[in-house]
Structure formats: C-alpha cells, structure tokens
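Q: I am attaching a structure below and will ask some questions about it afterwards.
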Amino acid sequence: MNTADTLTAEKAAELKKRTIDFSDIPEMTKTEALELYPRNWKPVKKAISVRIDSDTLEWLKQPQEAGYQKRLNAALRWARLHGCPIQNF
C-alpha cells in the first residue's frame with residue numbers, strides 16, 4: 001500500500017501540529033556544516049571576467065588539460081570555507 005494514498009488533509013494537518021524533539025541530537029558546529037557540501041550538487045554558475053596574473057594562470061593550467069576554471073573555482077571555494085582572509089595589497 002502506498003502511504004501517500006492514505007494521507008488525508010486532516011492527517012497532514014495533525015502531523016504539522018506535532019513538534020519535533022531535537023534534544024537527543026547534538027548541535028552541529030560550523031565546520032561540520034561546511035563539510036556537508038554535497039559533491040553532486042550543482043550551484044548556479046555566473047560568467048565573469050577577471051584579470052589574473054599570468055604565472056597564476058599557468059599554474060592553474062599546468063596539467064595541460066581543460067578544466068582550469070573548475071580548478072580556480074575549487075581553490076576559491078576551499079579558501080572561503082577555510083577562512084582565508086581577503087587582504088588589499
């Protein structure tokens with residue numbers, strides 16, 4: 001039997017009124033929450049234009065394969081998630 005077929009509007013309203021007891025679930029730290037970034041989740045991408053030092057670009061392209069933009073995005077994401085400070089030079 002499919003439970004979706006037996007769920008009535010009254011039963012749904014009754015379930016919504018119930019509270020959930022979270023007392024036995026430990027609170028998650030910010031670091032733990034950041035580690036939950038799902039690998040198969042596709043965030044919205046936005047095309048931009050940036051100027052990057054040529055030696056840094058060559059470093060990103062070092063494997064001589066396509067995908068340096070993905071590597072750049074991964075490096076920036078890692079820096080953001082690990083608290084890398086942004087400084088004006």
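Chain labels A, B, ... are given in the sequence in which chains occur in the structure tokens; within each chain residues are numbered consecutively from 1, and ligands are likewise numbered from 1 in the order shown.
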So that I can see what lies close to range 48-50 of chain A, please list as JSON, numbers by chain the residues with an atom at most 12 Å from it, counting only C-alpha atoms and leaving out residues fewer than 2 positions away in the same chain.

A: {"A": [45, 46, 52, 53, 54, 57, 69, 72, 73]}

Q: Output as a PyMOL selection string all residues of range 3-87 of chain A that backbone DSSP marks as helix (DSSP H, G or I).

A: chain A and resi 3-6+9-17+30-34+54-60+68-81

Q: Could you list, with a cut-off of 12 Å and counting only C-alpha atoms, the residues of range 32-62 of chain A near range 78-85 of chain A, each shown with its nearest atom pair and the distance in Å rounded to one decimal, rows sorted by chain and ascending number, as a tab-separated table?

A:
```
residue	atom	partner	partner_atom	distance
A:Glu32	CA	A:Leu81	CA	11.1
A:Ala33	CA	A:Leu81	CA	10.4
A:Leu34	CA	A:Leu81	CA	6.8
A:Glu35	CA	A:Leu81	CA	8.8
A:Leu36	CA	A:Leu81	CA	11.4
A:Tyr37	CA	A:Leu81	CA	10.1
```

Q: Report, in Å with one decimal, the straight-line distance from CA of Gln64 in chain A to CA of Trp41 in chain A.

A: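 Straight-line distance from CA of Gln64 in chain A to CA of Trp41 in chain A works out to 26.5 Å.
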
Q: Between CA of Ala47 in chain A and CA of Pro63 in chain A, what is the distance in Å, rounded to a tenth?

A: 23.0 Å

Q: For Arg77 in chain A, which residue among A:Lys61, A:Lys17, A:Thr56, A:Pro43 is the nearest when counting only C-alpha atoms?

A: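 So, comparing all the options, the nearest one is A:Pro43.
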